[in-house]
>>> print(open('query-v5.pdb').read())   # PDB, C-alpha atoms
ATOM      1  CA  MET A 890      76.423  26.871 119.472
ATOM      2  CA  THR A 891      79.809  28.457 119.907
ATOM      3  CA  ALA A 892      82.567  25.924 120.478
ATOM      4  CA  ASN A 893      86.135  26.245 121.590
ATOM      5  CA  ASP A 894      88.955  24.347 119.907
ATOM      6  CA  ALA A 895      87.846  21.140 121.599
ATOM      7  CA  GLY A 896      84.310  21.505 120.238
ATOM      8  CA  LYS A 897      82.637  22.195 123.565
ATOM      9  CA  PRO A 898      79.535  24.427 123.402
ATOM     10  CA  ALA A 899      79.506  27.705 125.344
ATOM     11  CA  PHE A 900      76.666  29.646 126.958
ATOM     12  CA  ILE A 901      76.014  33.022 128.581
ATOM     13  CA  LEU A 902      74.000  33.426 131.764
ATOM     14  CA  THR A 903      72.851  36.921 132.710
ATOM     15  CA  LEU A 904      70.897  37.900 135.805
ATOM     16  CA  SER A 905      69.902  40.732 138.085
ATOM     17  CA  CYS A 906      68.118  40.597 141.409
ATOM     18  CA  GLU A 907      67.939  42.073 144.876
ATOM     19  CA  ASP A 908      71.414  41.936 146.363
ATOM     20  CA  ARG A 909      71.907  39.394 149.134
ATOM     21  CA  VAL A 910      74.467  36.944 150.462
ATOM     22  CA  GLY A 911      75.008  33.698 148.584
ATOM     23  CA  ILE A 912      74.101  34.539 144.975
ATOM     24  CA  VAL A 913      77.541  33.952 143.451
ATOM     25  CA  ALA A 914      78.052  30.827 145.557
ATOM     26  CA  ALA A 915      74.720  29.394 144.433
ATOM     27  CA  VAL A 916      75.406  30.059 140.752
ATOM     28  CA  SER A 917      79.011  28.832 140.743
ATOM     29  CA  SER A 918      78.132  25.738 142.799
ATOM     30  CA  HIS A 919      75.375  24.871 140.350
ATOM     31  CA  LEU A 920      77.725  25.232 137.370
ATOM     32  CA  ALA A 921      80.306  23.056 139.100
ATOM     33  CA  ALA A 922      77.660  20.416 139.833
ATOM     34  CA  ILE A 923      76.690  20.145 136.146
ATOM     35  CA  GLU A 924      80.341  20.216 135.028
ATOM     36  CA  GLY A 925      80.232  23.699 133.571
ATOM     37  CA  PHE A 926      83.595  25.435 133.160
ATOM     38  CA  ILE A 927      83.493  29.218 133.720
ATOM     39  CA  LEU A 928      85.270  31.137 130.950
ATOM     40  CA  ASP A 929      84.449  34.681 132.011
ATOM     41  CA  SER A 930      82.556  36.201 134.923
ATOM     42  CA  GLN A 931      81.652  39.807 135.738
ATOM     43  CA  GLN A 932      79.515  41.032 138.613
ATOM     44  CA  TYR A 933      78.442  44.299 140.180
ATOM     45  CA  ALA A 934      76.601  45.169 143.371
ATOM     46  CA  ASP A 935      74.815  48.529 143.268
ATOM     47  CA  LEU A 936      74.870  49.343 146.969
ATOM     48  CA  ASP A 937      72.661  52.408 146.537
ATOM     49  CA  ALA A 938      69.906  50.544 144.702
ATOM     50  CA  GLY A 939      70.439  47.225 146.479
ATOM     51  CA  ARG A 940      70.647  45.380 143.152
ATOM     52  CA  PHE A 941      73.093  42.721 141.982
ATOM     53  CA  PHE A 942      74.131  42.046 138.371
ATOM     54  CA  LEU A 943      76.017  39.054 136.968
ATOM     55  CA  ARG A 944      77.188  37.875 133.548
ATOM     56  CA  ILE A 945      78.881  34.479 133.239
ATOM     57  CA  GLU A 946      80.127  32.735 130.128
ATOM     58  CA  PHE A 947      80.732  29.013 130.571
ATOM     59  CA  ARG A 948      81.187  25.871 128.503
ATOM     60  CA  ALA A 949      80.295  22.209 128.725
ATOM     61  CA  GLU A 950      83.139  20.324 130.338
ATOM     62  CA  GLY A 951      81.967  16.868 131.387
ATOM     63  CA  ALA A 952      79.712  14.000 130.378
ATOM     64  CA  SER A 953      76.989  14.993 132.842
ATOM     65  CA  PHE A 954      76.547  18.460 131.318
ATOM     66  CA  PRO A 955      72.919  19.018 130.169
ATOM     67  CA  LYS A 956      72.263  18.133 126.551
ATOM     68  CA  SER A 957      70.248  21.240 125.562
ATOM     69  CA  VAL A 958      69.618  24.873 126.447
ATOM     70  CA  ASP A 959      66.148  23.888 127.668
ATOM     71  CA  ASP A 960      67.701  21.386 130.071
ATOM     72  CA  LEU A 961      70.155  24.047 131.262
ATOM     73  CA  ARG A 962      67.320  26.501 131.878
ATOM     74  CA  THR A 963      65.235  23.933 133.696
ATOM     75  CA  GLY A 964      68.157  23.075 135.943
ATOM     76  CA  PHE A 965      68.797  26.709 136.824
ATOM     77  CA  ALA A 966      65.147  27.661 137.369
ATOM     78  CA  SER A 967      65.063  26.733 141.053
ATOM     79  CA  ILE A 968      68.033  28.999 141.850
ATOM     80  CA  ALA A 969      66.465  31.821 139.852
ATOM     81  CA  SER A 970      63.228  31.394 141.772
ATOM     82  CA  ARG A 971      64.977  31.304 145.139
ATOM     83  CA  TYR A 972      66.590  34.709 144.522
ATOM     84  CA  ALA A 973      63.725  36.199 142.423
ATOM     85  CA  MET A 974      66.106  36.752 139.513
ATOM     86  CA  ASP A 975      65.453  38.475 136.224
ATOM     87  CA  TRP A 976      67.581  36.166 134.111
ATOM     88  CA  ASP A 977      68.329  34.649 130.733
ATOM     89  CA  LEU A 978      70.527  31.831 129.457
ATOM     90  CA  LEU A 979      71.447  31.484 125.790
ATOM     91  CA  PRO A 980      74.108  29.885 123.590
ATOM     92  CA  ALA A 981      77.130  32.191 123.369
ATOM     93  CA  ASP A 982      76.754  32.381 119.587
ATOM     94  CA  HIS A 983      73.145  33.561 119.719
ATOM     95  CA  ARG A 984      72.791  36.511 117.345
ATOM     96  CA  PRO A 985      69.909  38.861 118.206
ATOM     97  CA  ARG A 986      67.807  40.126 115.305
ATOM     98  CA  LEU A 987      68.104  43.846 114.548
ATOM     99  CA  LEU A 988      65.636  46.130 112.795
ATOM    100  CA  ILE A 989      67.170  49.513 111.928
ATOM    101  CA  ALA A 990      65.209  52.761 111.515
ATOM    102  CA  VAL A 991      66.807  55.637 109.597
ATOM    103  CA  SER A 992      65.831  58.890 107.892
ATOM    104  CA  ARG A 993      68.254  60.615 105.490
ATOM    105  CA  GLY A 994      71.627  60.365 107.235
ATOM    106  CA  SER A 995      73.519  57.307 106.013
ATOM    107  CA  HIS A 996      76.633  57.210 108.209
ATOM    108  CA  CYS A 997      75.324  55.100 111.110
ATOM    109  CA  LEU A 998      73.332  52.758 108.854
ATOM    110  CA  ASN A 999      76.295  52.237 106.519
ATOM    111  CA  ASP A1000      78.609  51.522 109.451
ATOM    112  CA  LEU A1001      76.263  48.951 111.018
ATOM    113  CA  LEU A1002      75.645  47.207 107.684
ATOM    114  CA  HIS A1003      79.396  47.045 106.955
ATOM    115  CA  ARG A1004      80.267  45.692 110.408
ATOM    116  CA  TRP A1005      77.499  43.115 110.162
ATOM    117  CA  GLN A1006      78.366  41.928 106.653
ATOM    118  CA  THR A1007      82.072  41.620 107.474
ATOM    119  CA  GLY A1008      81.310  39.526 110.561
ATOM    120  CA  ASN A1009      82.333  42.211 113.043
ATOM    121  CA  LEU A1010      78.945  42.706 114.672
ATOM    122  CA  PRO A1011      77.274  39.697 116.368
ATOM    123  CA  VAL A1012      73.731  40.369 115.139
ATOM    124  CA  GLU A1013      71.377  39.521 112.282
ATOM    125  CA  ILE A1014      70.088  42.638 110.528
ATOM    126  CA  VAL A1015      66.600  41.670 109.373
ATOM    127  CA  GLY A1016      65.430  44.923 107.814
ATOM    128  CA  VAL A1017      65.615  48.692 107.543
ATOM    129  CA  VAL A1018      62.604  50.990 107.926
ATOM    130  CA  SER A1019      62.677  54.611 106.817
ATOM    131  CA  ASN A1020      60.420  57.595 106.322
ATOM    132  CA  HIS A1021      62.422  58.425 103.179
ATOM    133  CA  GLU A1022      63.409  56.477 100.050
ATOM    134  CA  GLY A1023      66.990  57.755  99.786
ATOM    135  CA  LEU A1024      68.799  54.848 101.477
ATOM    136  CA  ARG A1025      67.065  51.999  99.654
ATOM    137  CA  ASP A1026      69.964  51.337  97.253
ATOM    138  CA  LEU A1027      72.531  51.202 100.069
ATOM    139  CA  THR A1028      70.361  48.852 102.113
ATOM    140  CA  GLU A1029      69.406  46.499  99.298
ATOM    141  CA  TRP A1030      73.020  46.375  98.063
ATOM    142  CA  HIS A1031      73.735  44.658 101.383
ATOM    143  CA  GLY A1032      70.870  42.224 100.742
ATOM    144  CA  VAL A1033      68.640  43.663 103.471
ATOM    145  CA  PRO A1034      64.892  44.351 102.962
ATOM    146  CA  TYR A1035      63.958  48.057 102.888
ATOM    147  CA  HIS A1036      60.581  49.252 104.157
ATOM    148  CA  TYR A1037      59.525  52.753 103.100
ATOM    149  CA  LEU A1038      57.068  54.044 105.690
ATOM    150  CA  PRO A1039      56.390  57.759 105.138
ATOM    151  CA  VAL A1040      55.211  59.917 108.027
ATOM    152  CA  ASP A1041      51.928  61.818 107.895
ATOM    153  CA  ALA A1042      51.641  64.193 110.837
ATOM    154  CA  GLU A1043      47.921  63.501 111.094
ATOM    155  CA  ARG A1044      48.331  59.710 111.029
ATOM    156  CA  ARG A1045      51.616  59.206 112.847
ATOM    157  CA  HIS A1046      50.161  56.429 115.013
ATOM    158  CA  GLU A1047      49.428  54.385 111.877
ATOM    159  CA  GLN A1048      53.032  54.691 110.697
ATOM    160  CA  GLU A1049      54.284  53.577 114.115
ATOM    161  CA  ALA A1050      51.903  50.625 114.004
ATOM    162  CA  ARG A1051      53.432  49.635 110.668
ATOM    163  CA  ILE A1052      56.947  49.835 112.135
ATOM    164  CA  LEU A1053      55.837  47.600 115.004
ATOM    165  CA  GLY A1054      54.294  45.272 112.435
ATOM    166  CA  VAL A1055      57.635  44.939 110.626
ATOM    167  CA  PHE A1056      59.339  44.466 114.007
ATOM    168  CA  GLU A1057      57.041  41.538 114.813
ATOM    169  CA  GLU A1058      57.022  40.041 111.308
ATOM    170  CA  THR A1059      60.823  39.945 111.185
ATOM    171  CA  ARG A1060      60.956  38.557 114.757
ATOM    172  CA  ALA A1061      63.315  41.387 115.665
ATOM    173  CA  ASP A1062      64.766  41.566 119.160
ATOM    174  CA  THR A1063      65.926  45.193 119.013
ATOM    175  CA  LEU A1064      64.987  48.346 117.129
ATOM    176  CA  VAL A1065      67.969  50.629 116.472
ATOM    177  CA  LEU A1066      67.247  54.275 115.674
ATOM    178  CA  ALA A1067      70.303  55.028 113.536
ATOM    179  CA  ARG A1068      69.662  58.763 113.006
ATOM    180  CA  TYR A1069      65.920  58.251 112.606
ATOM    181  CA  MET A1070      64.698  61.832 112.840
ATOM    182  CA  GLN A1071      61.248  61.178 114.254
ATOM    183  CA  VAL A1072      60.264  61.219 117.922
ATOM    184  CA  LEU A1073      58.615  57.966 118.997
ATOM    185  CA  SER A1074      55.330  58.236 120.853
ATOM    186  CA  SER A1075      55.315  57.372 124.554
ATOM    187  CA  ASP A1076      53.169  54.342 123.753
ATOM    188  CA  MET A1077      55.653  52.956 121.235
ATOM    189  CA  ALA A1078      58.608  53.712 123.524
ATOM    190  CA  GLN A1079      56.876  51.827 126.318
ATOM    191  CA  ARG A1080      56.099  48.833 124.098
ATOM    192  CA  LEU A1081      59.796  48.621 123.142
ATOM    193  CA  ALA A1082      61.192  49.336 126.612
ATOM    194  CA  GLY A1083      64.699  47.899 126.872
ATOM    195  CA  ARG A1084      64.561  46.856 123.203
ATOM    196  CA  CYS A1085      65.112  50.181 121.421
ATOM    197  CA  ILE A1086      68.508  51.907 121.123
ATOM    198  CA  ILE A1087      69.052  55.418 119.792
ATOM    199  CA  ILE A1088      72.135  57.468 118.936
ATOM    200  CA  HIS A1089      72.023  61.107 120.054
ATOM    201  CA  HIS A1090      74.285  63.733 118.526
ATOM    202  CA  SER A1091      75.525  65.088 121.817
ATOM    203  CA  PHE A1092      77.752  63.999 124.685
ATOM    204  CA  LEU A1093      74.855  64.878 126.969
ATOM    205  CA  PRO A1094      71.290  65.640 125.847
ATOM    206  CA  SER A1095      71.732  69.257 124.731
ATOM    207  CA  PHE A1096      71.532  71.251 121.510
ATOM    208  CA  LYS A1097      68.284  69.469 120.722
ATOM    209  CA  GLY A1098      66.422  69.817 117.450
ATOM    210  CA  ALA A1099      67.726  70.946 114.071
ATOM    211  CA  ARG A1100      71.362  71.901 113.373
ATOM    212  CA  PRO A1101      72.851  70.573 116.637
ATOM    213  CA  TYR A1102      76.414  71.055 115.412
ATOM    214  CA  GLY A1103      75.582  74.536 114.206
ATOM    215  CA  LYS A1104      74.313  75.420 117.679
ATOM    216  CA  ALA A1105      77.411  73.850 119.231
ATOM    217  CA  HIS A1106      79.594  75.903 116.900
ATOM    218  CA  GLU A1107      77.760  79.099 117.829
ATOM    219  CA  ARG A1108      78.400  78.382 121.506
ATOM    220  CA  GLY A1109      82.105  77.728 120.897
ATOM    221  CA  VAL A1110      82.122  74.299 122.499
ATOM    222  CA  LYS A1111      85.453  72.601 123.202
ATOM    223  CA  LEU A1112      84.116  69.042 123.364
ATOM    224  CA  ILE A1113      81.654  67.334 121.058
ATOM    225  CA  GLY A1114      80.389  63.807 121.379
ATOM    226  CA  ALA A1115      77.580  61.319 121.052
ATOM    227  CA  THR A1116      75.412  59.250 123.379
ATOM    228  CA  ALA A1117      73.706  55.904 122.788
ATOM    229  CA  TYR A1118      70.876  55.033 125.144
ATOM    230  CA  PHE A1119      67.693  53.016 125.577
ATOM    231  CA  VAL A1120      64.624  54.909 124.391
ATOM    232  CA  THR A1121      61.979  55.821 126.962
ATOM    233  CA  GLY A1122      58.876  57.979 126.888
ATOM    234  CA  ASP A1123      60.956  60.908 128.185
ATOM    235  CA  LEU A1124      62.670  62.550 125.217
ATOM    236  CA  ASP A1125      66.478  62.176 125.317
ATOM    237  CA  GLU A1126      66.419  60.993 128.931
ATOM    238  CA  GLY A1127      66.816  57.211 128.579
ATOM    239  CA  PRO A1128      69.383  55.002 130.355
ATOM    240  CA  ILE A1129      72.795  55.651 128.784
ATOM    241  CA  ILE A1130      74.693  52.692 127.301
ATOM    242  CA  GLU A1131      77.772  54.404 125.845
ATOM    243  CA  GLN A1132      79.271  57.857 125.205
ATOM    244  CA  ASP A1133      82.392  59.253 123.570
ATOM    245  CA  ILE A1134      83.888  62.672 122.832
ATOM    246  CA  GLU A1135      86.459  64.518 120.730
ATOM    247  CA  ARG A1136      88.195  67.764 121.694
ATOM    248  CA  VAL A1137      87.835  70.657 119.222
ATOM    249  CA  ASP A1138      88.955  74.284 119.234
ATOM    250  CA  HIS A1139      88.201  77.685 117.704
ATOM    251  CA  ARG A1140      89.522  76.640 114.296
ATOM    252  CA  ALA A1141      86.777  74.039 113.766
ATOM    253  CA  THR A1142      84.025  75.101 111.384
ATOM    254  CA  GLU A1143      80.451  73.862 111.598
ATOM    255  CA  GLN A1144      81.234  71.358 108.830
ATOM    256  CA  ASP A1145      84.281  70.154 110.763
ATOM    257  CA  LEU A1146      82.023  69.481 113.735
ATOM    258  CA  VAL A1147      79.536  67.622 111.540
ATOM    259  CA  ARG A1148      82.307  65.417 110.117
ATOM    260  CA  ILE A1149      83.871  64.678 113.503
ATOM    261  CA  GLY A1150      80.480  64.186 115.092
ATOM    262  CA  ARG A1151      79.412  61.608 112.518
ATOM    263  CA  ASP A1152      82.537  59.579 113.193
ATOM    264  CA  ILE A1153      81.809  59.621 116.927
ATOM    265  CA  GLU A1154      78.170  58.650 116.383
ATOM    266  CA  THR A1155      79.070  55.594 114.322
ATOM    267  CA  ARG A1156      81.518  54.156 116.837
ATOM    268  CA  VAL A1157      79.330  54.913 119.882
ATOM    269  CA  LEU A1158      76.287  53.283 118.289
ATOM    270  CA  ALA A1159      78.311  50.259 117.161
ATOM    271  CA  ARG A1160      79.608  49.725 120.710
ATOM    272  CA  ALA A1161      76.119  50.017 122.173
ATOM    273  CA  VAL A1162      74.725  47.521 119.664
ATOM    274  CA  ARG A1163      77.600  45.094 120.253
ATOM    275  CA  TRP A1164      77.405  45.253 124.047
ATOM    276  CA  THR A1165      73.650  44.766 123.961
ATOM    277  CA  ALA A1166      73.972  41.853 121.524
ATOM    278  CA  GLU A1167      76.568  40.211 123.769
ATOM    279  CA  ARG A1168      74.239  40.621 126.784
ATOM    280  CA  ARG A1169      76.616  43.029 128.498
ATOM    281  CA  ALA A1170      74.121  45.876 129.050
ATOM    282  CA  PHE A1171      71.681  45.692 131.961
ATOM    283  CA  LEU A1172      68.925  48.165 132.801
ATOM    284  CA  ASN A1173      69.307  49.543 136.304
ATOM    285  CA  GLY A1174      66.451  51.969 136.818
ATOM    286  CA  ILE A1175      67.288  55.168 134.937
ATOM    287  CA  ARG A1176      70.877  53.987 134.473
ATOM    288  CA  THR A1177      72.611  50.940 133.012
ATOM    289  CA  VAL A1178      75.266  48.488 134.091
ATOM    290  CA  VAL A1179      77.575  47.598 131.183
ATOM    291  CA  PHE A1180      80.161  44.826 131.522
ATOM    292  CA  ARG A1181      82.800  45.723 128.928
TER     293      ARG A1181
END
>>> encode(input="query-v5.pdb", output="structure tokens")
Amino acid sequence: MTANDAGKPAFILTLSCEDRVGIVAAVSSHLAAIEGFILDSQQYADLDAGRFFLRIEFRAEGASFPKSVDDLRTGFASIASRYAMDWDLLPADHRPRLLIAVSRGSHCLNDLLHRWQTGNLPVEIVGVVSNHEGLRDLTEWHGVPYHYLPVDAERRHEQEARILGVFEETRADTLVLARYMQVLSSDMAQRLAGRCIIIHHSFLPSFKGARPYGKAHERGVKLIGATAYFVTGDLDEGPIIEQDIERVDHRATEQDLVRIGRDIETRVLARAVRWTAERRAFLNGIRTVVFR
């Protein structure tokens, strides 16, 4: 458990539900009753959808504070039931388990591995799966298992089943497609709904397919960027978690765009992974709510 300087454990409560009067009062009153001290609180009411979202970080403050996470969850269950909440409550230092899928491009994988190994990404990377062998040395240098799972067009479903097998065997919480150049089947996307993040080499889903930066260069674009989103069965249409851009001009070559674009991809994906790991990203239909 995460502790402050006084050694008091901290927790994060996240919830979403139909918006109605009294939710914040019920949650804060409950925390006060168990002697929980609120460290950070963010909330959002989507008036169009009629949904409410809340993230609260709090710590144990008094002698009557519950002794375990299970006790905390049991104590909160009645409030969650009253408001029909979709909720979770975990220690603030909980590190979700990440399985990364990659093809040949190393920039996003290398960035995630470096951030993780230097303690700058609050996750546990439990493995890397790839349809190519080229990034084995990089992965294993970081002490992470590498799973080579080649793709056969006639037996693609078997390869996806093997990826899901690794996902389950490693007890992964999230699959990150870090420039994995294979389209997931609708069935696999559905099985990993809300648990699969992808980085797309465009500010908005455009210039699809091969040579995206070449196509952008041919069109003379003035902005390039990247988008991280949750994978769905609709290609490149999932709920967006994070985006970023860089301005370019007529002097930029295709290779300039590739270089700049890779830098954007790494930082956008890292933010999306971090915010998801810290329970800041909430699904809201075809959109997301992200408490930064």
>>> residues_around(input="query-v5.pdb", residues="Ala1117 (chain A)", least_positions_apart="5", cutoff="6 Å", atoms="only C-alpha atoms", output="PyMOL selection string")
chain A and resi 1087-1088+1130-1131+1158
>>> resolve_selection(input="query-v5.pdb", expression="the PyMOL selection byres ((chain A and resi 1055) around 12)", output="PDB file with C-alpha atoms, keeping the file's coordinate frame")
ATOM      1  CA  LEU A 987      68.104  43.846 114.548  1.00  0.00           C
ATOM      2  CA  LEU A 988      65.636  46.130 112.795  1.00  0.00           C
ATOM      3  CA  ILE A 989      67.170  49.513 111.928  1.00  0.00           C
ATOM      4  CA  ALA A 990      65.209  52.761 111.515  1.00  0.00           C
ATOM      5  CA  VAL A1015      66.600  41.670 109.373  1.00  0.00           C
ATOM      6  CA  GLY A1016      65.430  44.923 107.814  1.00  0.00           C
ATOM      7  CA  VAL A1017      65.615  48.692 107.543  1.00  0.00           C
ATOM      8  CA  VAL A1018      62.604  50.990 107.926  1.00  0.00           C
ATOM      9  CA  SER A1019      62.677  54.611 106.817  1.00  0.00           C
ATOM     10  CA  PRO A1034      64.892  44.351 102.962  1.00  0.00           C
ATOM     11  CA  TYR A1035      63.958  48.057 102.888  1.00  0.00           C
ATOM     12  CA  HIS A1036      60.581  49.252 104.157  1.00  0.00           C
ATOM     13  CA  TYR A1037      59.525  52.753 103.100  1.00  0.00           C
ATOM     14  CA  LEU A1038      57.068  54.044 105.690  1.00  0.00           C
ATOM     15  CA  GLN A1048      53.032  54.691 110.697  1.00  0.00           C
ATOM     16  CA  GLU A1049      54.284  53.577 114.115  1.00  0.00           C
ATOM     17  CA  ALA A1050      51.903  50.625 114.004  1.00  0.00           C
ATOM     18  CA  ARG A1051      53.432  49.635 110.668  1.00  0.00           C
ATOM     19  CA  ILE A1052      56.947  49.835 112.135  1.00  0.00           C
ATOM     20  CA  LEU A1053      55.837  47.600 115.004  1.00  0.00           C
ATOM     21  CA  GLY A1054      54.294  45.272 112.435  1.00  0.00           C
ATOM     22  CA  PHE A1056      59.339  44.466 114.007  1.00  0.00           C
ATOM     23  CA  GLU A1057      57.041  41.538 114.813  1.00  0.00           C
ATOM     24  CA  GLU A1058      57.022  40.041 111.308  1.00  0.00           C
ATOM     25  CA  THR A1059      60.823  39.945 111.185  1.00  0.00           C
ATOM     26  CA  ARG A1060      60.956  38.557 114.757  1.00  0.00           C
ATOM     27  CA  ALA A1061      63.315  41.387 115.665  1.00  0.00           C
ATOM     28  CA  ASP A1062      64.766  41.566 119.160  1.00  0.00           C
ATOM     29  CA  THR A1063      65.926  45.193 119.013  1.00  0.00           C
ATOM     30  CA  LEU A1064      64.987  48.346 117.129  1.00  0.00           C
TER      31      LEU A1064
END
>>> closest_residue(input="query-v5.pdb", among="A:Gly1023, A:Pro1011, A:Pro980, A:Pro1128", to="Ala1159 (chain A)", atoms="all atoms listed in the file")
A:Pro1011
>>> closest_atom_pairs(input="query-v5.pdb", of="region 1081-1179 of chain A", to="region 997-1002 of chain A", cutoff="12 Å", atoms="all atoms listed in the file", output="Markdown table")
| residue | atom | partner | partner_atom | distance |
| --- | --- | --- | --- | --- |
| A:Ile1087 | CA | A:Cys997 | CA | 10.7 |
| A:Ile1088 | CA | A:Cys997 | CA | 8.8 |
| A:His1089 | CA | A:Cys997 | CA | 11.3 |
| A:His1090 | CA | A:Cys997 | CA | 11.4 |
| A:Ala1115 | CA | A:Cys997 | CA | 11.9 |
| A:Ala1117 | CA | A:Cys997 | CA | 11.8 |
| A:Gly1150 | CA | A:Cys997 | CA | 11.2 |
| A:Arg1151 | CA | A:Cys997 | CA | 7.8 |
| A:Asp1152 | CA | A:Cys997 | CA | 8.7 |
| A:Ile1153 | CA | A:Cys997 | CA | 9.8 |
| A:Glu1154 | CA | A:Cys997 | CA | 7.0 |
| A:Thr1155 | CA | A:Cys997 | CA | 5.0 |
| A:Arg1156 | CA | A:Asp1000 | CA | 8.4 |
| A:Val1157 | CA | A:Cys997 | CA | 9.6 |
| A:Leu1158 | CA | A:Cys997 | CA | 7.5 |
| A:Ala1159 | CA | A:Leu1001 | CA | 6.6 |
| A:Arg1160 | CA | A:Leu1001 | CA | 10.3 |
| A:Ala1161 | CA | A:Leu1001 | CA | 11.2 |
| A:Val1162 | CA | A:Leu1001 | CA | 8.9 |
| A:Arg1163 | CA | A:Leu1001 | CA | 10.1 |
>>> residues_around(input="query-v5.pdb", residues="Leu978 (chain A)", least_positions_apart="6", cutoff="7 Å", atoms="only C-alpha atoms", output="PyMOL selection string")
chain A and resi 900-903+962
>>> atom_distance(input="query-v5.pdb", atom1="CA of Arg986 (chain A)", atom2="CA of Ala1170 (chain A)")
16.2 Å
>>> resolve_selection(input="query-v5.pdb", expression="the PyMOL selection byres ((chain A and resi 1120-1123) around 9)", output="list in words")
Leu1073, Ser1074, Ser1075, Asp1076, Met1077, Ala1078, Gln1079, Leu1081, Ala1082, Gly1083, Arg1084, Cys1085, Ile1086, Ile1087, Tyr1118, Phe1119, Leu1124, Asp1125, Glu1126, Gly1127 and Pro1128 of chain A
>>> write_last_selection(input="query-v5.pdb", atoms="C-alpha atoms", output="PDB file, in the coordinates of the input")
ATOM      1  CA  LEU A1073      58.615  57.966 118.997  1.00  0.00           C
ATOM      2  CA  SER A1074      55.330  58.236 120.853  1.00  0.00           C
ATOM      3  CA  SER A1075      55.315  57.372 124.554  1.00  0.00           C
ATOM      4  CA  ASP A1076      53.169  54.342 123.753  1.00  0.00           C
ATOM      5  CA  MET A1077      55.653  52.956 121.235  1.00  0.00           C
ATOM      6  CA  ALA A1078      58.608  53.712 123.524  1.00  0.00           C
ATOM      7  CA  GLN A1079      56.876  51.827 126.318  1.00  0.00           C
ATOM      8  CA  LEU A1081      59.796  48.621 123.142  1.00  0.00           C
ATOM      9  CA  ALA A1082      61.192  49.336 126.612  1.00  0.00           C
ATOM     10  CA  GLY A1083      64.699  47.899 126.872  1.00  0.00           C
ATOM     11  CA  ARG A1084      64.561  46.856 123.203  1.00  0.00           C
ATOM     12  CA  CYS A1085      65.112  50.181 121.421  1.00  0.00           C
ATOM     13  CA  ILE A1086      68.508  51.907 121.123  1.00  0.00           C
ATOM     14  CA  ILE A1087      69.052  55.418 119.792  1.00  0.00           C
ATOM     15  CA  TYR A1118      70.876  55.033 125.144  1.00  0.00           C
ATOM     16  CA  PHE A1119      67.693  53.016 125.577  1.00  0.00           C
ATOM     17  CA  LEU A1124      62.670  62.550 125.217  1.00  0.00           C
ATOM     18  CA  ASP A1125      66.478  62.176 125.317  1.00  0.00           C
ATOM     19  CA  GLU A1126      66.419  60.993 128.931  1.00  0.00           C
ATOM     20  CA  GLY A1127      66.816  57.211 128.579  1.00  0.00           C
ATOM     21  CA  PRO A1128      69.383  55.002 130.355  1.00  0.00           C
TER      22      PRO A1128
END
>>> residues_near_point(input="query-v5.pdb", point="(75.4, 48.2, 102.9)", cutoff="6 Å", atoms="only C-alpha atoms", output="compact mmCIF listing (two decimals) with C-alpha atoms, in the coordinates of the input")
# COMPACT_ATOMS: atom_id res chain seq x y z
CA ASN A 999 76.30 52.24 106.52
CA LEU A 1002 75.64 47.21 107.68
CA HIS A 1003 79.40 47.04 106.96
CA LEU A 1027 72.53 51.20 100.07
CA THR A 1028 70.36 48.85 102.11
CA TRP A 1030 73.02 46.38 98.06
CA HIS A 1031 73.74 44.66 101.38
>>> build_atoms(input="query-v5.pdb", residues="region 1000-1010 of chain A", atoms="N, CA and C atoms", output="short mmCIF file (atom, residue, chain, number, x, y, z; two decimals), in the frame of the given file")
data_model
loop_
_atom_site.label_atom_id
_atom_site.label_comp_id
_atom_site.auth_asym_id
_atom_site.auth_seq_id
_atom_site.Cartn_x
_atom_site.Cartn_y
_atom_site.Cartn_z
N ASP A 1000 77.64 52.13 108.54
CA ASP A 1000 78.61 51.52 109.45
C ASP A 1000 78.09 50.21 110.02
N LEU A 1001 76.83 50.18 110.45
CA LEU A 1001 76.26 48.95 111.02
C LEU A 1001 76.18 47.85 109.96
N LEU A 1002 75.74 48.21 108.75
CA LEU A 1002 75.64 47.21 107.68
C LEU A 1002 77.02 46.64 107.35
N HIS A 1003 78.04 47.51 107.28
CA HIS A 1003 79.40 47.04 106.96
C HIS A 1003 79.94 46.13 108.06
N ARG A 1004 79.78 46.52 109.31
CA ARG A 1004 80.27 45.69 110.41
C ARG A 1004 79.57 44.34 110.42
N TRP A 1005 78.27 44.37 110.17
CA TRP A 1005 77.50 43.12 110.16
C TRP A 1005 77.95 42.21 109.01
N GLN A 1006 78.05 42.76 107.81
CA GLN A 1006 78.37 41.93 106.65
C GLN A 1006 79.80 41.40 106.68
N THR A 1007 80.69 42.10 107.37
CA THR A 1007 82.07 41.62 107.47
C THR A 1007 82.29 40.75 108.72
N GLY A 1008 81.21 40.42 109.42
CA GLY A 1008 81.31 39.53 110.56
C GLY A 1008 81.84 40.17 111.82
N ASN A 1009 81.79 41.50 111.89
CA ASN A 1009 82.33 42.21 113.04
C ASN A 1009 81.26 42.75 113.99
N LEU A 1010 80.04 42.32 113.79
CA LEU A 1010 78.94 42.71 114.67
C LEU A 1010 78.07 41.47 114.88
#
